[in-house]
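Listing of input_15.cif, mmCIF, C-alpha atoms
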data_coords
#
loop_
_atom_site.label_atom_id
_atom_site.label_comp_id
_atom_site.auth_asym_id
_atom_site.auth_seq_id
_atom_site.Cartn_x
_atom_site.Cartn_y
_atom_site.Cartn_z
CA MET A 1 -127.54 54.41 144.13
CA ILE A 2 -130.34 56.58 142.77
CA ASN A 3 -131.38 55.10 139.44
CA GLN A 4 -134.10 57.52 138.35
CA ILE A 5 -135.61 60.90 139.20
CA LEU A 6 -139.09 61.87 138.01
CA LEU A 7 -140.43 65.39 138.59
CA LYS A 8 -143.77 66.92 137.68
CA ASN A 9 -144.87 70.56 138.03
CA PHE A 10 -141.77 71.41 140.04
CA LYS A 11 -140.33 74.88 139.48
CA CYS A 12 -139.22 75.21 135.83
CA PHE A 13 -140.13 71.64 134.87
CA GLU A 14 -143.52 70.55 133.62
CA SER A 15 -142.03 67.08 133.70
CA LEU A 16 -138.58 65.58 133.95
CA ASP A 17 -137.54 61.93 133.78
CA LEU A 18 -133.83 61.18 134.15
CA GLU A 19 -132.04 57.86 134.51
CA LEU A 20 -128.91 58.43 136.54
CA LYS A 21 -125.48 56.84 136.48
CA PRO A 22 -122.69 56.68 139.05
CA LEU A 23 -121.29 59.98 137.69
CA ASN A 24 -123.80 62.61 136.59
CA VAL A 25 -122.54 65.92 135.18
CA LEU A 26 -125.19 68.65 135.09
CA MET A 27 -124.41 71.37 132.56
CA GLY A 28 -126.14 74.20 130.72
CA LEU A 29 -126.67 77.94 130.80
CA ASN A 30 -127.77 79.64 134.00
CA GLY A 31 -131.46 79.26 134.85
CA MET A 32 -132.00 76.08 132.82
CA GLY A 33 -132.83 73.73 135.72
CA LYS A 34 -129.59 72.20 136.97
CA SER A 35 -130.04 73.48 140.51
CA THR A 36 -133.72 72.53 140.40
CA LEU A 37 -132.79 68.88 139.95
CA LEU A 38 -130.51 68.98 143.01
CA GLN A 39 -133.13 70.91 144.98
CA SER A 40 -135.70 68.18 144.41
CA LEU A 41 -133.43 65.71 146.23
CA LEU A 42 -132.58 68.17 148.98
CA LEU A 43 -136.26 68.94 149.55
CA LEU A 44 -137.09 65.27 149.89
CA ARG A 45 -134.27 64.67 152.35
CA GLN A 46 -134.99 67.68 154.56
CA SER A 47 -138.71 66.85 154.55
CA TYR A 48 -138.01 63.25 155.53
CA GLN A 49 -135.78 64.36 158.40
CA GLU A 50 -138.43 66.80 159.61
CA ASN A 51 -141.68 64.87 159.17
CA ARG A 52 -141.00 61.51 157.49
CA LEU A 53 -142.27 62.96 154.18
CA SER A 54 -145.81 63.60 155.42
CA ALA A 55 -145.32 67.09 153.92
CA LEU A 56 -142.86 68.92 151.71
CA LYS A 57 -140.89 71.32 153.87
CA LEU A 58 -139.73 74.15 151.61
CA ASN A 59 -137.50 75.92 154.14
CA GLY A 60 -135.15 73.82 156.19
CA LYS A 61 -131.68 72.47 156.80
CA TYR A 62 -130.49 72.26 153.20
CA ILE A 63 -132.44 74.85 151.19
CA LYS A 64 -134.98 77.62 151.53
CA LEU A 65 -137.33 77.99 148.55
CA GLY A 66 -140.10 80.21 149.92
CA ASN A 67 -143.77 79.24 149.58
CA GLY A 68 -145.85 77.00 147.36
CA SER A 69 -146.22 79.72 144.75
CA ASP A 70 -142.43 79.75 144.35
CA ILE A 71 -142.13 76.09 143.36
CA LEU A 72 -145.25 75.27 141.31
CA TYR A 73 -144.61 75.11 137.56
CA GLU A 74 -146.22 78.31 136.25
CA ARG A 75 -148.19 76.60 133.47
CA ALA A 76 -149.23 73.60 135.53
CA GLU A 77 -152.51 72.06 134.41
CA GLU A 78 -152.99 70.53 137.86
CA GLU A 79 -151.99 72.20 141.11
CA LYS A 80 -150.07 69.23 142.46
CA ILE A 81 -146.33 68.59 142.64
CA SER A 82 -144.70 65.19 142.29
CA LEU A 83 -141.11 64.31 143.26
CA ASN A 84 -140.35 60.62 142.71
CA VAL A 85 -137.06 58.80 143.20
CA LYS A 86 -136.09 55.22 142.37
CA GLU A 87 -133.20 53.63 144.24
CA GLU A 88 -131.87 50.13 143.79
CA HIS A 89 -134.00 48.68 146.59
CA CYS A 90 -136.89 51.10 146.89
CA GLU A 91 -139.10 53.58 145.07
CA ILE A 92 -140.26 56.77 146.75
CA LYS A 93 -143.47 58.23 145.31
CA THR A 94 -144.95 61.54 146.44
CA LEU A 95 -147.80 63.82 145.41
CA PHE A 96 -147.90 67.15 147.22
CA SER A 97 -150.92 69.41 147.43
CA TYR A 98 -150.57 73.08 146.55
CA ALA A 99 -150.96 76.02 148.91
CA SER A 100 -149.66 79.28 147.50
CA GLY A 101 -148.79 80.95 150.79
CA SER A 102 -147.54 77.94 152.74
CA ASP A 103 -144.04 76.49 153.03
CA LEU A 104 -145.42 73.11 154.14
CA LEU A 105 -147.23 71.16 151.41
CA GLU A 106 -149.15 68.05 152.40
CA ASN A 107 -148.17 64.71 150.88
CA LEU A 108 -151.36 63.16 149.51
CA LEU A 109 -149.60 59.77 149.36
CA ARG A 110 -148.98 59.52 153.07
CA GLU A 111 -147.35 56.10 153.25
CA CYS A 112 -143.68 56.22 152.28
CA VAL A 113 -141.83 53.06 153.28
CA ILE A 114 -138.13 53.89 153.16
CA PRO A 115 -135.47 51.30 154.05
CA SER A 116 -132.69 52.19 156.46
CA ASP A 117 -130.03 51.74 153.78
CA SER A 118 -131.53 54.39 151.47
CA VAL A 119 -128.77 56.55 150.01
CA LEU A 120 -130.93 59.66 149.90
CA PHE A 121 -132.48 59.41 153.35
CA GLY A 122 -129.86 57.50 155.33
CA ASN A 123 -126.26 58.16 156.37
CA HIS A 124 -124.82 57.76 152.89
CA PHE A 125 -125.42 61.36 151.84
CA ILE A 126 -123.11 64.38 151.52
CA TYR A 127 -124.08 67.78 150.11
CA LEU A 128 -121.84 70.79 149.53
CA SER A 129 -123.46 73.93 148.19
CA ALA A 130 -122.00 76.51 145.84
CA TYR A 131 -121.51 78.74 148.92
CA ARG A 132 -118.63 77.17 150.82
CA ILE A 133 -116.40 78.25 153.66
CA GLU A 134 -114.18 81.22 152.97
CA PRO A 135 -110.84 81.98 154.64
CA ARG A 136 -111.39 82.95 158.28
CA ASP A 137 -109.35 83.27 161.43
CA LEU A 138 -111.35 80.50 163.13
CA TYR A 139 -114.02 77.95 162.18
CA ARG A 140 -116.72 76.28 164.25
CA ILE A 141 -116.35 72.59 164.99
CA ALA A 142 -119.01 69.88 164.83
CA ASP A 143 -120.32 67.59 167.55
CA GLU A 144 -119.41 63.91 167.64
CA LYS A 145 -122.55 62.69 165.89
CA GLU A 146 -122.17 65.16 163.02
CA LEU A 147 -118.59 64.02 162.53
CA ALA A 148 -119.47 60.33 162.67
CA ASP A 149 -122.23 60.88 160.09
CA ARG A 150 -119.88 62.97 157.90
CA ASP A 151 -122.25 65.90 158.14
CA PHE A 152 -119.89 68.61 156.87
CA GLY A 153 -122.55 71.32 156.78
CA ASN A 154 -123.85 72.82 153.54
CA THR A 155 -120.79 75.06 153.33
CA GLY A 156 -118.31 72.32 154.23
CA GLU A 157 -117.24 74.09 157.41
CA TYR A 158 -117.05 70.92 159.49
CA ALA A 159 -114.87 69.11 156.93
CA ILE A 160 -111.82 70.73 158.53
CA HIS A 161 -112.69 69.26 161.93
CA TYR A 162 -113.36 65.87 160.28
CA LEU A 163 -109.92 65.84 158.68
CA ASN A 164 -108.33 66.66 162.02
CA VAL A 165 -110.15 63.84 163.84
CA TYR A 166 -110.25 61.12 161.18
CA GLY A 167 -107.25 62.05 159.06
CA ASN A 168 -105.28 58.94 160.01
CA ARG A 169 -108.01 56.56 158.91
CA PRO A 170 -107.51 54.83 155.56
CA ILE A 171 -109.96 55.83 152.85
CA GLU A 172 -112.29 53.04 151.77
CA ASN A 173 -112.52 53.83 148.07
CA ASP A 174 -109.57 52.13 146.37
CA SER A 175 -110.23 53.87 143.06
CA ALA A 176 -109.75 57.33 144.59
CA ILE A 177 -106.26 56.62 145.89
CA TYR A 178 -103.74 58.89 144.18
CA ASN A 179 -101.27 57.10 141.91
CA HIS A 180 -101.44 53.86 143.93
CA THR A 181 -99.60 55.42 146.88
CA GLU A 182 -99.07 53.12 149.84
CA ASP A 183 -100.29 55.64 152.41
CA ARG A 184 -104.08 55.32 152.21
CA SER A 185 -104.76 57.73 155.06
CA LEU A 186 -107.23 60.54 154.49
CA ASN A 187 -104.53 63.02 155.49
CA GLN A 188 -102.08 61.81 152.87
CA GLN A 189 -104.65 61.45 150.12
CA VAL A 190 -105.96 64.98 150.73
CA LYS A 191 -102.40 66.30 150.54
CA SER A 192 -101.67 64.32 147.36
CA TRP A 193 -104.76 65.48 145.48
CA LEU A 194 -104.58 69.01 146.81
CA SER A 195 -100.98 69.24 145.60
CA LEU A 196 -102.30 68.66 142.05
CA ILE A 197 -105.21 71.08 142.36
CA ALA A 198 -103.09 73.74 144.11
CA PRO A 199 -99.43 72.68 143.75
CA GLY A 200 -97.28 72.73 146.86
CA ILE A 201 -100.11 73.43 149.32
CA LEU A 202 -100.26 71.52 152.61
CA PRO A 203 -103.12 72.19 155.07
CA GLN A 204 -102.37 72.44 158.80
CA ILE A 205 -105.33 72.18 161.19
CA SER A 206 -105.47 72.74 164.95
CA VAL A 207 -108.64 72.23 167.01
CA ASN A 208 -109.52 73.75 170.37
CA THR A 209 -112.33 71.61 171.81
CA SER A 210 -112.74 73.88 174.84
CA LEU A 211 -113.45 76.94 172.70
CA ARG A 212 -115.23 74.84 170.03
CA ASN A 213 -113.22 76.20 167.15
CA ALA A 214 -110.58 75.20 164.63
CA GLU A 215 -107.78 77.10 162.95
CA LEU A 216 -106.72 76.43 159.37
CA LYS A 217 -103.26 77.29 158.07
CA TYR A 218 -101.25 76.31 155.02
CA THR A 219 -97.61 75.63 154.37
CA PHE A 220 -96.01 75.64 150.92
CA ARG A 221 -93.67 72.93 149.72
CA GLU A 222 -90.62 74.59 148.11
CA GLY A 223 -88.20 71.98 146.86
CA SER A 224 -87.34 69.71 149.80
CA GLU A 225 -88.48 72.17 152.47
CA ASN A 226 -91.72 73.62 153.75
CA THR A 227 -92.39 77.28 154.42
CA ASN A 228 -93.83 78.64 157.63
CA ALA A 229 -97.55 78.10 158.17
CA TYR A 230 -99.79 80.94 156.97
CA LYS A 231 -103.35 81.64 158.09
CA SER A 232 -106.00 80.82 155.50
CA VAL A 233 -106.94 84.50 155.28
CA ASN A 234 -103.47 85.18 153.90
CA VAL A 235 -103.58 82.44 151.27
CA GLY A 236 -105.53 82.24 147.99
CA PHE A 237 -109.31 82.15 148.42
CA GLY A 238 -109.82 79.16 146.13
CA ILE A 239 -107.68 76.79 148.20
CA THR A 240 -109.96 77.00 151.21
CA TYR A 241 -113.01 76.91 148.93
CA VAL A 242 -111.99 73.58 147.37
CA LEU A 243 -110.65 71.87 150.51
CA PRO A 244 -114.07 70.62 151.74
CA ILE A 245 -114.76 69.23 148.24
CA VAL A 246 -111.55 67.17 148.31
CA ILE A 247 -112.20 65.95 151.86
CA ALA A 248 -115.80 65.01 151.07
CA ILE A 249 -114.90 63.04 147.92
CA LEU A 250 -112.04 61.17 149.58
CA SER A 251 -114.01 60.36 152.72
CA ALA A 252 -116.92 59.01 150.66
CA LYS A 253 -117.45 55.27 150.85
CA PRO A 254 -118.71 52.96 148.11
CA GLY A 255 -122.48 53.32 148.06
CA ASP A 256 -122.46 56.97 149.15
CA LEU A 257 -124.25 59.78 147.31
CA LEU A 258 -122.60 63.19 146.87
CA LEU A 259 -124.27 66.36 145.59
CA LEU A 260 -121.70 68.98 144.60
CA GLU A 261 -122.42 72.48 143.33
CA ASN A 262 -119.75 74.29 141.30
CA PRO A 263 -116.74 72.49 142.79
CA GLU A 264 -114.46 74.41 140.42
CA ALA A 265 -115.19 77.85 141.92
CA HIS A 266 -112.07 80.04 142.30
CA ILE A 267 -109.75 77.24 141.11
CA HIS A 268 -107.17 77.59 138.32
CA PRO A 269 -108.09 75.66 135.12
CA ALA A 270 -105.26 73.15 135.69
CA GLY A 271 -106.62 72.46 139.16
CA GLN A 272 -110.15 72.12 137.79
CA ARG A 273 -108.95 69.38 135.45
CA TRP A 274 -107.48 67.39 138.36
CA LEU A 275 -110.65 67.92 140.34
CA GLY A 276 -112.54 66.33 137.44
CA GLU A 277 -110.22 63.33 137.58
CA LEU A 278 -110.73 62.96 141.33
CA ILE A 279 -114.52 63.05 140.91
CA ALA A 280 -114.38 60.44 138.14
CA GLN A 281 -112.07 58.11 140.04
CA ALA A 282 -114.30 58.26 143.10
CA CYS A 283 -117.27 57.22 140.97
CA ALA A 284 -115.25 54.33 139.53
CA GLY A 285 -115.04 52.98 143.08
CA GLY A 286 -118.78 52.88 143.73
CA VAL A 287 -119.59 56.43 144.87
CA GLN A 288 -122.45 58.20 143.09
CA ILE A 289 -121.93 61.90 142.38
CA LEU A 290 -124.24 64.53 140.95
CA VAL A 291 -122.07 67.52 140.09
CA GLU A 292 -123.36 70.84 138.79
CA THR A 293 -120.62 72.62 136.88
CA HIS A 294 -119.91 75.23 134.22
CA SER A 295 -116.31 74.09 133.77
CA ASP A 296 -115.06 72.51 130.56
CA HIS A 297 -111.86 71.74 132.51
CA VAL A 298 -113.74 69.60 135.05
CA LEU A 299 -115.45 67.80 132.18
CA ASN A 300 -112.12 67.30 130.42
CA GLY A 301 -110.69 65.76 133.60
CA ILE A 302 -113.56 63.28 133.55
CA ARG A 303 -113.00 62.56 129.85
CA LEU A 304 -109.30 61.96 130.49
CA THR A 305 -110.11 59.53 133.31
CA ILE A 306 -112.28 57.58 130.89
CA LYS A 307 -109.57 57.61 128.21
CA LYS A 308 -107.08 56.30 130.79
CA ALA A 309 -109.54 53.42 131.40
CA LYS A 310 -109.96 54.36 135.06
CA LEU A 311 -113.72 54.86 134.60
CA SER A 312 -116.03 53.03 132.23
CA PRO A 313 -117.85 55.41 129.85
CA GLU A 314 -121.09 53.61 130.71
CA LYS A 315 -120.77 54.92 134.28
CA ALA A 316 -120.69 58.60 133.25
CA GLY A 317 -123.66 60.66 132.12
CA ILE A 318 -123.79 64.24 130.85
CA PHE A 319 -127.08 66.11 131.19
CA PHE A 320 -127.33 69.34 129.20
CA PHE A 321 -130.22 71.50 130.38
CA TYR A 322 -131.83 73.91 127.91
CA LYS A 323 -135.06 75.61 126.83
CA ASP A 324 -136.77 74.22 123.75
CA GLU A 325 -137.81 77.26 121.68
CA ASN A 326 -139.87 75.00 119.42
CA ASP A 327 -141.95 73.66 122.29
CA GLN A 328 -143.17 76.72 124.23
CA TYR A 329 -139.70 77.22 125.75
CA LYS A 330 -140.11 74.19 127.97
CA HIS A 331 -137.10 73.16 130.04
CA LYS A 332 -135.62 69.91 128.77
CA THR A 333 -132.38 67.90 128.79
CA MET A 334 -130.09 66.46 126.13
CA LEU A 335 -127.76 63.57 126.91
CA PRO A 336 -124.41 63.84 125.10
CA SER A 337 -122.48 60.59 125.54
CA ILE A 338 -118.76 59.93 126.06
CA ASP A 339 -116.98 57.04 124.32
CA ALA A 340 -114.00 55.05 125.57
CA ASP A 341 -111.59 57.60 124.06
CA GLY A 342 -113.23 60.45 125.95
CA ARG A 343 -114.92 61.86 122.85
CA ILE A 344 -118.38 63.44 123.10
CA ASP A 345 -120.88 62.67 120.36
CA ILE A 346 -123.03 65.84 120.25
CA TRP A 347 -122.33 69.49 121.06
CA PRO A 348 -125.62 71.40 121.20
CA GLU A 349 -125.59 75.18 121.09
CA GLY A 350 -124.56 76.57 124.47
CA PHE A 351 -122.70 73.41 125.48
CA LEU A 352 -119.15 74.59 126.23
CA ASP A 353 -118.92 76.33 122.84
CA GLU A 354 -118.03 79.85 123.97
CA TRP A 355 -114.28 79.35 123.32
CA ASP A 356 -115.01 78.58 119.67
CA ASN A 357 -117.48 81.47 119.43
CA ALA A 358 -114.98 83.96 120.85
CA LEU A 359 -112.17 82.59 118.66
CA LEU A 360 -114.26 83.09 115.54
CA GLU A 361 -114.83 86.72 116.53
CA LEU A 362 -111.12 87.21 117.18
CA LEU A 363 -110.29 85.85 113.74
#

In structure tokens, how does this file's structure come out?
Amino acid sequence: MINQILLKNFKCFESLDLELKPLNVLMGLNGMGKSTLLQSLLLLRQSYQENRLSALKLNGKYIKLGNGSDILYERAEEEKISLNVKEEHCEIKTLFSYASGSDLLENLLRECVIPSDSVLFGNHFIYLSAYRIEPRDLYRIADEKELADRDFGNTGEYAIHYLNVYGNRPIENDSAIYNHTEDRSLNQQVKSWLSLIAPGILPQISVNTSLRNAELKYTFREGSENTNAYKSVNVGFGITYVLPIVIAILSAKPGDLLLLENPEAHIHPAGQRWLGELIAQACAGGVQILVETHSDHVLNGIRLTIKKAKLSPEKAGIFFFYKDENDQYKHKTMLPSIDADGRIDIWPEGFLDEWDNALLELL
């Protein structure tokens, strides 16, 4: 598990020091720094895979951020960038030099000893971006190593292939099992949770290894019968958009780290609530998740999971990102806390208050 992230002179942050929990909910208005926090981890991982962290690689597998001038804090007193991460068994310290026109910034602290069981740099990591697979006629499939490592691709495209190959395996996270059902298979658990997020939907996947593609269809449960299978392009956009999220969470093992951007996109509010419960239950079983969201429904699903005593409130953290007008508009974070009844102690301006604001205008 990542215990702490410390950033200095990185993008919008002069400095940032956050202690993380198993479940970390990143919230705030657009442009406040939520994505920047996730990008710091993605940069470290892609740089490690490319050059063992001898330099910060700004354009790579996970993200493309441009050149040095695009990531240096604009009021930096020193033209150096620091991205530090503390895990349970190691601490990664970096100090990158600045070169305005380069996308490769030298690490001035060259020696980075990283253990093989690191969650950020090892095979315990899953990332799904805000841009996920859309309905298509056919999808590419992954190679065997990508599947074994649960590398679903940034858009989650390979998650469909993974479900087809490993769907009969039991999931390892007991806390994520839906309603204590006896069938622990990934296939059944995906169907169970998906039926809450998008009622009655059942995915059907066929893979053609010769042509290296997969086809995704859906059937609808109507009473005791199923409809014919329909191509994903003829079914609601949001169902395909959320499917990789569900597969990734349920395939995650205790000790894994998941970074999820806007998992609620294109999903009905009722489905967003159940997605929040799934995320929270996964974290109760030892998975660490950093989720960037604008959804009060996802947050309410998490609060309900805590109220149902399925997740300890101490394991959930809310990070509200904002600009401090009284301190030169610096980007900062507030930490509202959740109690055992799912109640939140502080509601700063801009923190899920637009419903109340609009209601006051309507009245």

Problem set entry | Given the PyMOL selection byres ((chain A and resi 247-249) around 10), the residues it picks as a PyMOL selection string | chain A and resi 126-128+150-152+156+159-160+162-163+167+173+176+186-187+189-191+193-194+242-246+250-253+256-258+260+275+278-279+281-283+287+289

For this session: Name all residues at most 6 Å from segment 54-57 of chain A (count all atoms listed in the file; drop same-chain ones fewer than 3 positions away) and give them as an NGL selection string.
Result: :A and (47 or 51 or 104-107 or 110)

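With distances taken over all atoms listed in the file, A:Asn154 is the one residue among A:Asn3, A:Asn24, A:Ser129, A:Asn154 lying closest to Lys61 of chain A.
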
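We find atom CA of Leu352 of chain A and atom CA of Val25 of chain A to be spaced 12.9 Å apart.
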
Problem set entry | Polymer residues at most 10 Å from (-150.3, 68.8, 147.2) by all atoms listed in the file, as a PyMOL selection string | chain A and resi 55-56+68+78-82+94-99+104-109

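Relative to atom CA of Glu182 of chain A, atom CA of Asn168 of chain A is found at 13.3 Å.
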
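We find atom CA of Gly276 of chain A and atom CA of Asn300 of chain A to be spaced 7.1 Å apart.
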
For this session: Find the spatial neighbours of Leu299 of chain A, counting only C-alpha atoms, within a cut-off of 9 Å - ignore same-chain residues fewer than 5 positions away - and output them as an MDAnalysis selection string.
Result: chainID A and resid 25 272:273 276:277 293:294 304

For this session: Fewer than 2 positions away in the same chain doesn't count, so skip those; otherwise give me all residues within 7 Å of Glu134 of chain A, counting only C-alpha atoms, as a PyMOL selection string.
Result: chain A and resi 132+136+237+240-241

Problem set entry | Non-local contacts of Tyr230 of chain A (10 Å; all atoms listed in the file; under 5 positions in same chain excluded) as JSON, numbers by chain | {"A": [203, 204, 216, 217, 218, 219, 220, 235]}

Problem set entry | Best match for closeness to Arg343 of chain A among A:Ile92, A:Leu120, A:Ala280, A:Ile302, counting only C-alpha atoms | A:Ile302

Could you please fill out segment 157-166 of chain A with all heavy atoms and send it back as a JSON list (two decimals), in the coordinates of the input?
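File written: rebuild30.json
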[["chain", "number", "residue", "atom", "x", "y", "z"],
["A", 157, "GLU", "N", -118.02, 73.55, 156.30],
["A", 157, "GLU", "CA", -117.24, 74.09, 157.41],
["A", 157, "GLU", "C", -116.69, 73.00, 158.32],
["A", 157, "GLU", "O", -115.56, 73.09, 158.81],
["A", 157, "GLU", "CB", -118.11, 75.06, 158.22],
["A", 157, "GLU", "CG", -117.38, 75.66, 159.41],
["A", 157, "GLU", "CD", -118.18, 76.76, 160.08],
["A", 157, "GLU", "OE1", -118.87, 77.49, 159.35],
["A", 157, "GLU", "OE2", -118.09, 76.88, 161.30],
["A", 158, "TYR", "N", -117.48, 71.95, 158.55],
["A", 158, "TYR", "CA", -117.05, 70.92, 159.49],
["A", 158, "TYR", "C", -116.07, 69.91, 158.86],
["A", 158, "TYR", "O", -115.57, 69.04, 159.56],
["A", 158, "TYR", "CB", -118.26, 70.18, 160.04],
["A", 158, "TYR", "CG", -119.23, 71.08, 160.77],
["A", 158, "TYR", "CD1", -120.60, 70.93, 160.60],
["A", 158, "TYR", "CD2", -118.78, 72.10, 161.60],
["A", 158, "TYR", "CE1", -121.50, 71.76, 161.26],
["A", 158, "TYR", "CE2", -119.67, 72.93, 162.26],
["A", 158, "TYR", "CZ", -121.02, 72.76, 162.08],
["A", 158, "TYR", "OH", -121.90, 73.59, 162.73],
["A", 159, "ALA", "N", -115.82, 70.01, 157.58],
["A", 159, "ALA", "CA", -114.87, 69.11, 156.93],
["A", 159, "ALA", "C", -113.47, 69.27, 157.52],
["A", 159, "ALA", "O", -112.71, 68.30, 157.59],
["A", 159, "ALA", "CB", -114.85, 69.37, 155.42],
["A", 160, "ILE", "N", -113.14, 70.49, 157.93],
["A", 160, "ILE", "CA", -111.82, 70.73, 158.53],
["A", 160, "ILE", "C", -111.67, 69.94, 159.83],
["A", 160, "ILE", "O", -110.66, 69.28, 160.07],
["A", 160, "ILE", "CB", -111.64, 72.24, 158.78],
["A", 160, "ILE", "CG1", -111.63, 72.99, 157.45],
["A", 160, "ILE", "CG2", -110.34, 72.51, 159.54],
["A", 160, "ILE", "CD1", -111.70, 74.49, 157.61],
["A", 161, "HIS", "N", -112.69, 70.01, 160.68],
["A", 161, "HIS", "CA", -112.69, 69.26, 161.93],
["A", 161, "HIS", "C", -112.62, 67.76, 161.64],
["A", 161, "HIS", "O", -111.90, 67.01, 162.33],
["A", 161, "HIS", "CB", -113.95, 69.60, 162.73],
["A", 161, "HIS", "CG", -113.96, 69.05, 164.11],
["A", 161, "HIS", "ND1", -115.10, 68.98, 164.87],
["A", 161, "HIS", "CD2", -112.97, 68.52, 164.88],
["A", 161, "HIS", "CE1", -114.82, 68.45, 166.04],
["A", 161, "HIS", "NE2", -113.54, 68.15, 166.08],
["A", 162, "TYR", "N", -113.36, 67.29, 160.63],
["A", 162, "TYR", "CA", -113.36, 65.87, 160.28],
["A", 162, "TYR", "C", -111.96, 65.41, 159.90],
["A", 162, "TYR", "O", -111.50, 64.35, 160.33],
["A", 162, "TYR", "CB", -114.33, 65.62, 159.13],
["A", 162, "TYR", "CG", -114.47, 64.16, 158.76],
["A", 162, "TYR", "CD1", -115.43, 63.37, 159.38],
["A", 162, "TYR", "CD2", -113.65, 63.57, 157.80],
["A", 162, "TYR", "CE1", -115.57, 62.03, 159.06],
["A", 162, "TYR", "CE2", -113.78, 62.24, 157.48],
["A", 162, "TYR", "CZ", -114.73, 61.47, 158.11],
["A", 162, "TYR", "OH", -114.85, 60.13, 157.79],
["A", 163, "LEU", "N", -111.28, 66.21, 159.10],
["A", 163, "LEU", "CA", -109.92, 65.84, 158.68],
["A", 163, "LEU", "C", -108.98, 65.77, 159.88],
["A", 163, "LEU", "O", -108.13, 64.88, 159.96],
["A", 163, "LEU", "CB", -109.40, 66.86, 157.66],
["A", 163, "LEU", "CG", -108.01, 66.58, 157.08],
["A", 163, "LEU", "CD1", -107.99, 65.27, 156.32],
["A", 163, "LEU", "CD2", -107.58, 67.73, 156.16],
["A", 164, "ASN", "N", -109.17, 66.66, 160.83],
["A", 164, "ASN", "CA", -108.33, 66.66, 162.02],
["A", 164, "ASN", "C", -108.56, 65.40, 162.86],
["A", 164, "ASN", "O", -107.61, 64.81, 163.39],
["A", 164, "ASN", "CB", -108.60, 67.91, 162.85],
["A", 164, "ASN", "CG", -107.82, 67.97, 164.14],
["A", 164, "ASN", "OD1", -108.30, 67.54, 165.19],
["A", 164, "ASN", "ND2", -106.60, 68.49, 164.08],
["A", 165, "VAL", "N", -109.82, 64.98, 162.98],
["A", 165, "VAL", "CA", -110.15, 63.84, 163.84],
["A", 165, "VAL", "C", -109.92, 62.50, 163.15],
["A", 165, "VAL", "O", -109.38, 61.56, 163.76],
["A", 165, "VAL", "CB", -111.63, 63.95, 164.30],
["A", 165, "VAL", "CG1", -112.05, 62.70, 165.07],
["A", 165, "VAL", "CG2", -111.82, 65.18, 165.17],
["A", 166, "TYR", "N", -110.29, 62.40, 161.88],
["A", 166, "TYR", "CA", -110.25, 61.12, 161.18],
["A", 166, "TYR", "C", -109.16, 61.05, 160.10],
["A", 166, "TYR", "O", -109.15, 60.13, 159.29],
["A", 166, "TYR", "CB", -111.60, 60.84, 160.54],
["A", 166, "TYR", "CG", -112.72, 60.65, 161.53],
["A", 166, "TYR", "CD1", -113.74, 61.60, 161.66],
["A", 166, "TYR", "CD2", -112.77, 59.53, 162.35],
["A", 166, "TYR", "CE1", -114.77, 61.43, 162.57],
["A", 166, "TYR", "CE2", -113.79, 59.34, 163.27],
["A", 166, "TYR", "CZ", -114.79, 60.30, 163.37],
["A", 166, "TYR", "OH", -115.81, 60.13, 164.28]]
